[in-house]
Each structure stands twice: as C-alpha cells, then as structure tokens.
Amino acid sequence: MLRDNISKQDEGGGVTTSEILSVAETGGGTGVPLLEVDNLQVEFKTRDGVAKAVNGVSYSVSAGETLAVLGESGSGKSVTAQAIMGILDSPPGRVAGGEVRFHGKDILKMSDEERRKLRGDKMAMIFQDALSSLNPVYSVGDQLGEMFRVHRGMSKKDAKVKAIELMDRVKIPAAKARVGDYPHQFSGGMRQRIMIAMALALEPDLIIADEPTTALDVTVQAQVMDLLAELQREMNMGLILITHDLGVVADVADKIAVMYAGRIVETAPVHEIYKRPSHPYTRGLLDSIPRLDQKGQELYAIKGLPPNLLRIPAGCAFSPRCPKAQDICRTEIPVLHPVTEQDGTELPGRGSACHFWKDQIHG
Amino acid sequence: MRRNIQMVFQDPYTSLNPRMTVGDIIGETFEIHPEVAPKGDRRRKVQELLDVVGLNPEYINRYPHQFSGGQRQRIGIARGLALNPEIIICDEPVSALDVSVQAQVINLMEKLQDEFNLSYIFIAHDLSIVRHISDRVGVMYLGKMAEIGTDAEIYEHPTHPYTQALLSAVPVPDPAAREGRERIILTGDVPSPANPPSGCRFRTRCWKAQDKCSTEEPLLAIPERFKGQDTPAAHNSACHFAEEKAILAV
C-alpha cells in the first residue's frame, strides 16, 4: 500500500505523507487521526515574485499525540500552522492547494464563519511572544473570560469565575487576587501560562504551540513545557509543537517532522531520529550540536545558508548545502520515501526525502 | 581603554547601522583610533578584516540588509577585531542565528581566538555551546555570581543548587542521555532585581533553603567542607549548603 502511494506521488505529485505517517499512530489514537494535513501549499505574493513558503506538506496528529515540527526560520513550519488555524496573513498569503482535514472534514472548504467557530473552541494556538499576543489594555481575567462570553454566552460574572479556575489550573499563584491584573504585571513565564490557559479554556481537541518557550529563561522553560505536557495528557489533546530546538523536541514529542524550504524532509518517531537520522539535513543539525567528547575540536557546520523562498534551488532544495549531493539531486525533487531496514523491514512512521536515504541510514 | 576591549552584540539586525556600508561600519573604528590604520590604508584594512571573517572583500560597499543573519554577525565580529583588541565580549553572539548557521560562527570565533590570541568573555544561555567554547564558566543569578570554576568543575561537579537546577532543566537533544538525568524543576520566577530577596538571592526558589539563607548572604568562596581537599568540587560557590550533585550523564 505504501508502495502504491509512492508511485502515485511520482506520477501526480500528490504527496500523501499522512498515509505513511498514519502507520505510526502509536500515540494512543485509533481510527481517523484528529488532524490530517495533506499536500498543503501556501504562497506569498511579494514585490519580487511569489514566495513558495509551503510546498506540499503532509502530516497527521492523533488525540493525545505530540508532533514536533522542526525547522529553521523560513522553513514553513509556522506558515503551515497559520494555514491550519486559518490565520494566514492574506493577502499576501494564500493557500494554493491541498487539504486540511480536522475530524475527517476539510476545513479549508469551510466558510469563514464556520472556521471562526472552530478556532478557540476546537483548535487553539499558543504563540511565542506572550507579551505581544495579549492585549495590554485589558486585564488577564477579561481576556480569559472573553473565551467563555463569546463562545459559551456566559455572563461576565460566570466568565470571571471560569477565568480564575483556569488560572489555578495553569498554576498561577493567588489566581483570585491576580485575575484583575494586566499582562505587564506578570513575569514572562506567568504570561506564557496565561497564554496556555487561554488556549485550553474551551478544552480544544488540538493545540498548536509555536515556539512556546523560546522567549523564556531555561529554568522557566522547563516549568512551562512540563505544564503543557501534563495538561495535554489530562485532556488527551493533540499537540503540534513548532520549534527549532532539538532539545525541546526530545523532551516532549512522540514523533517529529523536519522541515526545510517548505517541505518535510524527514519524519520519524522521536527516539529514532537522534540515533539514526535518514536525511543529510537532519544529520547535519544533530552533528552541529556541540558534544562533550568534541571539546576543542571544530564543530561540524552545515555550509551555506537556508535558501531564499523566491528562488528555491531546483531538485532537492538542500542540495547546494549537502555534502552528499549528486547530479540527480540538482534535477529531481526527492519524494518522502518510506524508510526501511536493510532487509526491507518497515520502520513505522519513518520517511526521508533524500534520493540517497539508504546510504544515510545504513551507510 | 575600549581599544583593547571590544564587543560583539547579540542581534545582528539592530547592531549594524542600516544606512552605512559595511566598509563604513568597520572603518568607523579607525576614525576614532587613527593610530591603528592611517587614512590611506583603511580600505585595504577593512577588506582584510572581511576576508579574515570569511566574507568576500568585494562586499565592502554593500549595506547590512544585503546580508544574511550569519553574515551580519561576521560583520559584527570583523568590527570587533578591527582594533586588534585583547578581549572581546560576546553577548549571546549566536542565539539570534539559525541552528545550521550557529556552528559556522562558533567555528569562526574559535579560529580567530587561536589566530589572534584573543580572550573571550562569552555571554550565553545555551549550555552546550558554553561548554564547547569556554575554559572557565561563571553562573550568574539575579546580578550575582553563584558559582565559578573550570568547565569540568561546573558541568561535572556543580555544588550550587541553582547551577544544578539549570543543568537539569536544559533540554538535551538526545533522549538516551535524558533518561538517566534527574530533573529539578524550580518553582516560581526570577525575583525582581529592584527588590532582591534578603540573604541568598536564590533562596526563594531553592529546595535546600533554611533560616540562615534569609539572614546571611553566602560569599563566593570555596565551600568550607571542600576546603583544602583535592577534589573538583573545591571551587568557588556562593551557597551555605554547597554539596556535590552530578546532574549530567558524563
């Protein structure tokens, strides 16, 4: 079945990674995944031409599962999330193709009104910068309560009670006393808790967290990540964690999708990717992390720069930076091949968009 | 004085004047210190510096926006090198860069250090990069030094609870190494520096804190119990109850 999919990709270009990934639904999900992104394409009109930010991304998340999307700036990881949420800056951005199925229904075909009802209620997002994501002129209680007033038609008084409950839930000390405080009166870590509280308010099925701890101190980062993981378990939510930090990924994710220049270049259950990466980009990222036994030696560095999205290199977008690139890499875009053991045994959930994935993982 | 101490800043986007060419940005240092390069020689000197940091010397007339983040950081480093300083203070020099570019800049900095016999004061929060580049490490908390020692002393034999918590909280990009590790999750946030806690500044978040910690400020010294001993734990640590605790699987 996998083979069929791959050959379909080769002919029609319709990438069906979600079907490859669904083999690996290990994280407790059964039946239809909560969210399936299928061959999503997003582009931005700019003065200098069309920037192809997302070029056929497919992934899926089940209830209770955490998918980490790893990539550098410009890899398309955040734009994919914005397209799922329906908060793409548009224009200049637009979804140019693909499907996003939520509980099996394509939400890209829904009306704006229907999508607005999904946001906050069924799917919610946590942003990187809590200070600029919260409204500075309303108290946090007002902003948390708004979720209940708008979506649940609660009275102001009831909404406030709910807001305090939520603040307790995300472990903000003295919630009752602080419900009337404004965002600037909270520390960075507390503000990020409020963002989490807001995202969780209506008990959504899916949370997308875009670099949720990048702006925080290391010790606070650990608190916030632990809290998020705990609440996810309790509420059995699907979580998409967008990050550039391989360390954060290792701590919380079940599976991982590595993005480069708007495509997924590698997918794998999280533990395996560190042991045996199957794409030269992933390998390069892992090798460039300083290790204890290499002190004093030169670090491995991926040469060159991430590509300009207006001029994505022909063939494999990573080929100009790849130490293993051959002629085929510069002409033919590699599809996401299912990765197998040398004897052909399937490795569930693993995929590599490298023409030479076999050399990568077995060589 | 500033001739001998230079600085490389964190944000390569705001630390270079967008209206000046790269040649002017780096060359400006010679305006203030003309003794380093006489007027006629400046252009050549700037081009030399660009070459040293791995940029094409022909880019001398370009503006900062024409460069990527990593390249801009190289420009910042070239500016830092211009006056042949003895010390360069690097304030989070790679944290604004993409992961795949960070290693390039770190390698460049190490190469320059060897070449020019530089001393670095390297300010950073990424523990793996800190360990890679430093000979000695100082851990700061709320405006005070909590612990200071060689990199092996700090990473393998931390005695201050804050260092221990910090090492345990850092995300390790290797699930295998992570499993053997004890996690210490601190409660609360860093207190306001305007009104720091009495005594030990870390006591409000410390699991070992006792009455003494709120009344008596611990000095940065070799802890009493390790004094005179030939152990890596005998390094400066500002804690009344300093004890060794291995955090990272070595």
# chains A, B, ... in the order shown; residues from 1 in each chain; ligands from 1
$ select_by_dssp --residues "stretch 201-234 of chain B" --states "helix (DSSP H, G or I)" --output "number ranges by chain"
B: 203-205, 211-215, 224-226
$ residues_around --residues "B:Asn107" --least-positions-apart "5" --cutoff "9 Å" --atoms "only C-alpha atoms" --output "PyMOL selection string"
(chain A and resi 297-301) or (chain B and resi 102+112)
$ select_by_dssp --residues "stretch 58-231 of chain A" --states "strand (DSSP E or B)" --output "mmCIF file with C-alpha atoms, in the first residue's frame"
data_model
loop_
_atom_site.group_PDB
_atom_site.id
_atom_site.type_symbol
_atom_site.label_atom_id
_atom_site.label_comp_id
_atom_site.auth_asym_id
_atom_site.auth_seq_id
_atom_site.Cartn_x
_atom_site.Cartn_y
_atom_site.Cartn_z
ATOM 1 C CA SER A 58 1.554 16.411 4.798
ATOM 2 C CA TYR A 59 1.347 15.280 8.387
ATOM 3 C CA SER A 60 -1.158 13.954 10.868
ATOM 4 C CA VAL A 61 -1.791 14.172 14.593
ATOM 5 C CA THR A 66 2.565 15.250 20.186
ATOM 6 C CA LEU A 67 4.033 16.008 16.791
ATOM 7 C CA ALA A 68 7.087 18.221 16.765
ATOM 8 C CA VAL A 69 7.675 20.228 13.611
ATOM 9 C CA LEU A 70 11.326 21.167 13.499
ATOM 10 C CA GLY A 93 -0.508 34.853 1.697
ATOM 11 C CA ARG A 94 -2.850 32.248 0.249
ATOM 12 C CA VAL A 95 -3.379 28.521 0.406
ATOM 13 C CA ALA A 96 -2.561 27.361 -3.110
ATOM 14 C CA GLY A 97 -3.572 23.746 -2.738
ATOM 15 C CA GLY A 98 -4.037 20.726 -0.530
ATOM 16 C CA GLU A 99 -6.419 19.721 2.224
ATOM 17 C CA VAL A 100 -6.537 20.105 5.969
ATOM 18 C CA ARG A 101 -8.904 17.532 7.448
ATOM 19 C CA PHE A 102 -9.994 18.031 11.029
ATOM 20 C CA LYS A 105 -13.620 17.169 7.332
ATOM 21 C CA ASP A 106 -11.697 19.512 5.038
ATOM 22 C CA ARG A 119 -10.848 28.482 16.479
ATOM 23 C CA MET A 123 -8.381 24.139 17.951
ATOM 24 C CA ALA A 124 -6.249 26.757 19.628
ATOM 25 C CA MET A 125 -2.822 28.232 19.255
ATOM 26 C CA ILE A 126 -0.114 29.297 21.690
ATOM 27 C CA LEU A 206 -5.948 20.322 19.077
ATOM 28 C CA ILE A 207 -3.336 22.759 20.299
ATOM 29 C CA ILE A 208 -0.684 24.277 18.092
ATOM 30 C CA ALA A 209 2.201 25.724 20.096
ATOM 31 C CA ASP A 210 4.552 27.888 18.039
#
$ closest_residue --among "A:Glu36, A:Asp254, A:Asp205, A:Glu146" --to "chain B" --atoms "only C-alpha atoms"
A:Asp254
$ residues_around --residues "A:Ala261" --least-positions-apart "4" --cutoff "9 Å" --atoms "only C-alpha atoms" --output "list in words"
Lys52, Ala53, Val54, Asn55, Gly71, Glu72, Gly74, Ser75, Gly76, Pro306, Pro307, Asn308, Leu309, Ile312, Ala317 and Phe318 of chain A
$ write_last_selection --atoms "all heavy atoms" --output "compact mmCIF listing (two decimals), in the first residue's frame"
# COMPACT_ATOMS: atom_id res chain seq x y z
N LYS A 52 7.27 30.69 -2.34
CA LYS A 52 6.58 29.43 -2.03
C LYS A 52 7.01 28.97 -0.64
O LYS A 52 8.03 28.31 -0.49
CB LYS A 52 6.89 28.40 -3.09
CG LYS A 52 6.36 28.85 -4.44
CD LYS A 52 6.32 27.71 -5.42
CE LYS A 52 5.45 28.13 -6.59
NZ LYS A 52 5.56 27.24 -7.72
N ALA A 53 6.18 29.31 0.34
CA ALA A 53 6.57 29.05 1.73
C ALA A 53 6.32 27.60 2.12
O ALA A 53 7.07 27.03 2.90
CB ALA A 53 5.81 29.99 2.65
N VAL A 54 5.23 27.01 1.62
CA VAL A 54 4.92 25.63 1.94
C VAL A 54 4.64 24.90 0.63
O VAL A 54 3.79 25.32 -0.15
CB VAL A 54 3.68 25.54 2.88
CG1 VAL A 54 3.36 24.10 3.18
CG2 VAL A 54 3.94 26.31 4.17
N ASN A 55 5.39 23.83 0.36
CA ASN A 55 5.32 23.15 -0.93
C ASN A 55 4.93 21.69 -0.81
O ASN A 55 5.73 20.80 -1.03
CB ASN A 55 6.68 23.25 -1.64
CG ASN A 55 7.15 24.67 -1.76
OD1 ASN A 55 6.48 25.51 -2.32
ND2 ASN A 55 8.31 24.95 -1.18
N GLY A 71 12.29 23.07 12.36
CA GLY A 71 12.80 23.74 11.17
C GLY A 71 13.41 25.08 11.53
O GLY A 71 13.18 25.60 12.61
N GLU A 72 14.18 25.63 10.60
CA GLU A 72 14.78 26.94 10.81
C GLU A 72 13.80 28.01 10.36
O GLU A 72 12.76 27.71 9.80
CB GLU A 72 16.07 27.04 10.01
CG GLU A 72 17.08 26.00 10.37
CD GLU A 72 18.32 26.11 9.51
OE1 GLU A 72 19.09 27.05 9.71
OE2 GLU A 72 18.53 25.26 8.63
N GLY A 74 11.98 30.38 8.04
CA GLY A 74 11.77 30.27 6.60
C GLY A 74 11.54 28.86 6.11
O GLY A 74 11.38 28.62 4.92
N SER A 75 11.47 27.88 7.04
CA SER A 75 11.26 26.51 6.60
C SER A 75 9.78 26.24 6.33
O SER A 75 9.43 25.22 5.76
CB SER A 75 11.78 25.53 7.64
OG SER A 75 11.07 25.69 8.85
N GLY A 76 8.92 27.14 6.76
CA GLY A 76 7.49 26.98 6.52
C GLY A 76 6.73 26.35 7.67
O GLY A 76 5.55 26.09 7.57
N PRO A 306 20.20 28.81 4.48
CA PRO A 306 18.89 28.34 4.01
C PRO A 306 18.50 29.14 2.75
O PRO A 306 18.87 30.30 2.64
CB PRO A 306 17.96 28.66 5.17
CG PRO A 306 18.82 28.83 6.36
CD PRO A 306 20.13 29.34 5.86
N PRO A 307 17.78 28.52 1.82
CA PRO A 307 17.52 29.20 0.54
C PRO A 307 16.50 30.33 0.66
O PRO A 307 15.69 30.36 1.59
CB PRO A 307 16.97 28.07 -0.33
CG PRO A 307 16.37 27.11 0.62
CD PRO A 307 17.19 27.19 1.86
N ASN A 308 16.57 31.22 -0.29
CA ASN A 308 15.57 32.26 -0.46
C ASN A 308 14.32 31.61 -1.06
O ASN A 308 14.41 30.91 -2.07
CB ASN A 308 16.15 33.30 -1.43
CG ASN A 308 15.22 34.46 -1.65
OD1 ASN A 308 14.01 34.33 -1.51
ND2 ASN A 308 15.79 35.58 -2.00
N LEU A 309 13.17 31.84 -0.45
CA LEU A 309 11.96 31.15 -0.90
C LEU A 309 11.48 31.64 -2.26
O LEU A 309 10.62 31.02 -2.88
CB LEU A 309 10.86 31.30 0.14
CG LEU A 309 11.15 30.62 1.48
CD1 LEU A 309 10.04 30.89 2.48
CD2 LEU A 309 11.34 29.12 1.31
N ILE A 312 13.92 28.96 -4.80
CA ILE A 312 14.27 27.66 -4.21
C ILE A 312 15.07 26.87 -5.24
O ILE A 312 14.68 26.80 -6.40
CB ILE A 312 12.99 26.91 -3.80
CG1 ILE A 312 12.28 27.70 -2.69
CG2 ILE A 312 13.32 25.49 -3.33
CD1 ILE A 312 10.99 27.11 -2.22
N ALA A 317 15.97 20.95 -2.45
CA ALA A 317 16.30 22.32 -2.02
C ALA A 317 17.55 22.35 -1.15
O ALA A 317 18.20 23.38 -1.02
CB ALA A 317 15.12 22.92 -1.26
N PHE A 318 17.90 21.21 -0.57
CA PHE A 318 19.06 21.16 0.31
C PHE A 318 20.34 20.86 -0.47
O PHE A 318 21.44 20.99 0.07
CB PHE A 318 18.84 20.10 1.40
CG PHE A 318 19.91 20.06 2.45
CD1 PHE A 318 20.17 21.17 3.25
CD2 PHE A 318 20.67 18.92 2.65
CE1 PHE A 318 21.16 21.13 4.21
CE2 PHE A 318 21.66 18.87 3.62
CZ PHE A 318 21.91 19.99 4.40
$ closest_atom_pairs --of "chain A" --to "chain B" --cutoff "7 Å" --atoms "only C-alpha atoms" --output "CSV"
residue,atom,partner,partner_atom,distance
A:Glu72,CA,B:Asp98,CA,5.8
A:Ser73,CA,B:Asp98,CA,6.8
A:Val218,CA,B:Val170,CA,6.2
A:Thr219,CA,B:Ala169,CA,5.7
A:Val220,CA,B:Asp189,CA,6.8
A:Ala222,CA,B:Ala169,CA,5.7
A:Gln223,CA,B:Ile185,CA,6.3
A:Leu246,CA,B:Pro173,CA,5.1
A:Gly247,CA,B:Pro173,CA,3.7
A:Val248,CA,B:Pro171,CA,5.3
A:Ala250,CA,B:Pro173,CA,5.6
A:Asp251,CA,B:Pro171,CA,6.6
A:His271,CA,B:Pro175,CA,6.2
A:Tyr274,CA,B:Asp174,CA,6.2
A:Leu285,CA,B:Ser100,CA,6.1
A:Ser288,CA,B:Ala103,CA,5.8
A:Pro290,CA,B:Ser128,CA,5.8
A:Lys295,CA,B:His132,CA,5.3
A:Gly296,CA,B:His132,CA,6.9
A:Glu298,CA,B:Asn107,CA,5.9
A:Leu299,CA,B:Ala103,CA,6.1
A:Tyr300,CA,B:Ala103,CA,6.8
A:Ala301,CA,B:Ala103,CA,5.1
A:Ile302,CA,B:Ser100,CA,5.8
$ write_last_selection --atoms "N, CA and C atoms" --output "PDB file, in the first residue's frame"
ATOM      1  N   GLU A  72      14.182  25.631  10.596  1.00  0.00           N
ATOM      2  CA  GLU A  72      14.781  26.938  10.810  1.00  0.00           C
ATOM      3  C   GLU A  72      13.801  28.012  10.358  1.00  0.00           C
ATOM      4  N   SER A  73      14.171  29.270  10.535  1.00  0.00           N
ATOM      5  CA  SER A  73      13.290  30.320  10.055  1.00  0.00           C
ATOM      6  C   SER A  73      13.196  30.208   8.540  1.00  0.00           C
ATOM      7  N   VAL A 218      15.772  29.436  30.820  1.00  0.00           N
ATOM      8  CA  VAL A 218      15.863  27.972  30.781  1.00  0.00           C
ATOM      9  C   VAL A 218      15.075  27.302  31.903  1.00  0.00           C
ATOM     10  N   THR A 219      15.206  27.812  33.128  1.00  0.00           N
ATOM     11  CA  THR A 219      14.529  27.141  34.249  1.00  0.00           C
ATOM     12  C   THR A 219      13.016  27.298  34.128  1.00  0.00           C
ATOM     13  N   VAL A 220      12.582  28.440  33.607  1.00  0.00           N
ATOM     14  CA  VAL A 220      11.148  28.686  33.441  1.00  0.00           C
ATOM     15  C   VAL A 220      10.609  27.886  32.255  1.00  0.00           C
ATOM     16  N   ALA A 222      11.503  24.972  31.352  1.00  0.00           N
ATOM     17  CA  ALA A 222      11.216  23.600  31.781  1.00  0.00           C
ATOM     18  C   ALA A 222       9.870  23.522  32.491  1.00  0.00           C
ATOM     19  N   GLN A 223       9.569  24.514  33.349  1.00  0.00           N
ATOM     20  CA  GLN A 223       8.275  24.546  34.040  1.00  0.00           C
ATOM     21  C   GLN A 223       7.129  24.579  33.043  1.00  0.00           C
ATOM     22  N   LEU A 246      16.217  21.225  19.002  1.00  0.00           N
ATOM     23  CA  LEU A 246      16.229  19.764  19.056  1.00  0.00           C
ATOM     24  C   LEU A 246      16.104  19.237  20.477  1.00  0.00           C
ATOM     25  N   GLY A 247      16.520  20.046  21.447  1.00  0.00           N
ATOM     26  CA  GLY A 247      16.439  19.624  22.841  1.00  0.00           C
ATOM     27  C   GLY A 247      15.008  19.578  23.332  1.00  0.00           C
ATOM     28  N   VAL A 248      14.246  20.631  23.031  1.00  0.00           N
ATOM     29  CA  VAL A 248      12.848  20.684  23.456  1.00  0.00           C
ATOM     30  C   VAL A 248      12.075  19.523  22.838  1.00  0.00           C
ATOM     31  N   ALA A 250      13.161  16.557  21.970  1.00  0.00           N
ATOM     32  CA  ALA A 250      13.484  15.285  22.606  1.00  0.00           C
ATOM     33  C   ALA A 250      12.707  15.122  23.899  1.00  0.00           C
ATOM     34  N   ASP A 251      12.460  16.219  24.580  1.00  0.00           N
ATOM     35  CA  ASP A 251      11.813  16.130  25.880  1.00  0.00           C
ATOM     36  C   ASP A 251      10.336  15.766  25.809  1.00  0.00           C
ATOM     37  N   HIS A 271      12.497   9.077  19.214  1.00  0.00           N
ATOM     38  CA  HIS A 271      13.728   8.466  19.706  1.00  0.00           C
ATOM     39  C   HIS A 271      14.649   8.046  18.571  1.00  0.00           C
ATOM     40  N   TYR A 274      17.284  10.644  16.578  1.00  0.00           N
ATOM     41  CA  TYR A 274      18.580  11.017  17.156  1.00  0.00           C
ATOM     42  C   TYR A 274      19.616   9.920  16.935  1.00  0.00           C
ATOM     43  N   LEU A 285      22.161  18.869  11.326  1.00  0.00           N
ATOM     44  CA  LEU A 285      21.692  19.593  12.518  1.00  0.00           C
ATOM     45  C   LEU A 285      22.176  18.903  13.783  1.00  0.00           C
ATOM     46  N   SER A 288      25.908  19.303  14.350  1.00  0.00           N
ATOM     47  CA  SER A 288      26.433  20.633  14.659  1.00  0.00           C
ATOM     48  C   SER A 288      26.182  21.031  16.111  1.00  0.00           C
ATOM     49  N   PRO A 290      27.240  20.958  19.796  1.00  0.00           N
ATOM     50  CA  PRO A 290      28.496  20.634  20.465  1.00  0.00           C
ATOM     51  C   PRO A 290      28.318  19.426  21.396  1.00  0.00           C
ATOM     52  N   LYS A 295      35.130  18.591  22.645  1.00  0.00           N
ATOM     53  CA  LYS A 295      35.584  19.893  23.092  1.00  0.00           C
ATOM     54  C   LYS A 295      36.943  20.219  22.487  1.00  0.00           C
ATOM     55  N   GLY A 296      37.079  21.465  22.042  1.00  0.00           N
ATOM     56  CA  GLY A 296      38.343  21.877  21.470  1.00  0.00           C
ATOM     57  C   GLY A 296      38.457  21.557  19.987  1.00  0.00           C
ATOM     58  N   GLU A 298      36.876  21.446  16.040  1.00  0.00           N
ATOM     59  CA  GLU A 298      35.980  22.263  15.242  1.00  0.00           C
ATOM     60  C   GLU A 298      34.616  21.582  15.191  1.00  0.00           C
ATOM     61  N   LEU A 299      33.553  22.385  15.294  1.00  0.00           N
ATOM     62  CA  LEU A 299      32.214  21.828  15.203  1.00  0.00           C
ATOM     63  C   LEU A 299      31.895  21.489  13.758  1.00  0.00           C
ATOM     64  N   TYR A 300      31.073  20.463  13.585  1.00  0.00           N
ATOM     65  CA  TYR A 300      30.580  20.225  12.245  1.00  0.00           C
ATOM     66  C   TYR A 300      29.622  21.365  11.893  1.00  0.00           C
ATOM     67  N   ALA A 301      29.757  21.956  10.745  1.00  0.00           N
ATOM     68  CA  ALA A 301      28.855  23.036  10.345  1.00  0.00           C
ATOM     69  C   ALA A 301      28.292  22.730   8.969  1.00  0.00           C
ATOM     70  N   ILE A 302      26.966  22.877   8.846  1.00  0.00           N
ATOM     71  CA  ILE A 302      26.364  22.783   7.517  1.00  0.00           C
ATOM     72  C   ILE A 302      26.811  24.024   6.768  1.00  0.00           C
TER      73      ILE A 302
END
$ residues_around --residues "A:Arg191" --least-positions-apart "5" --cutoff "10 Å" --atoms "only C-alpha atoms" --output "PyMOL selection string"
chain A and resi 129-131+133-134+140+172+182-186+196-197
$ closest_residue --among "B:Gly149, B:Pro34, B:Pro197, B:Pro12" --to "B:Asn236" --atoms "only C-alpha atoms"
B:Gly149
$ atom_distance --atom1 "atom CA of A:Ser78" --atom2 "atom CA of B:Tyr13"
21.1 Å
$ closest_residue --among "A:Ala83, A:His279, A:Met195, A:Ile328" --to "A:Lys358" --atoms "only C-alpha atoms"
A:His279
$ atom_distance --atom1 "atom CA of A:Thr80" --atom2 "atom CA of A:Val50"
16.6 Å
$ atom_distance --atom1 "atom CA of A:Ala63" --atom2 "atom CA of A:Val252"
15.0 Å
$ residues_around --residues "stretch 39-47 of chain B" --least-positions-apart "5" --cutoff "12 Å" --atoms "only C-alpha atoms" --output "MDAnalysis selection string"
chainID B and resid 21:34 52:61 75 78:84
$ residues_around --residues "B:Pro93" --least-positions-apart "3" --cutoff "7 Å" --atoms "only C-alpha atoms" --output "list in words"
Val8, Phe9, Gln10 and Cys90 of chain B
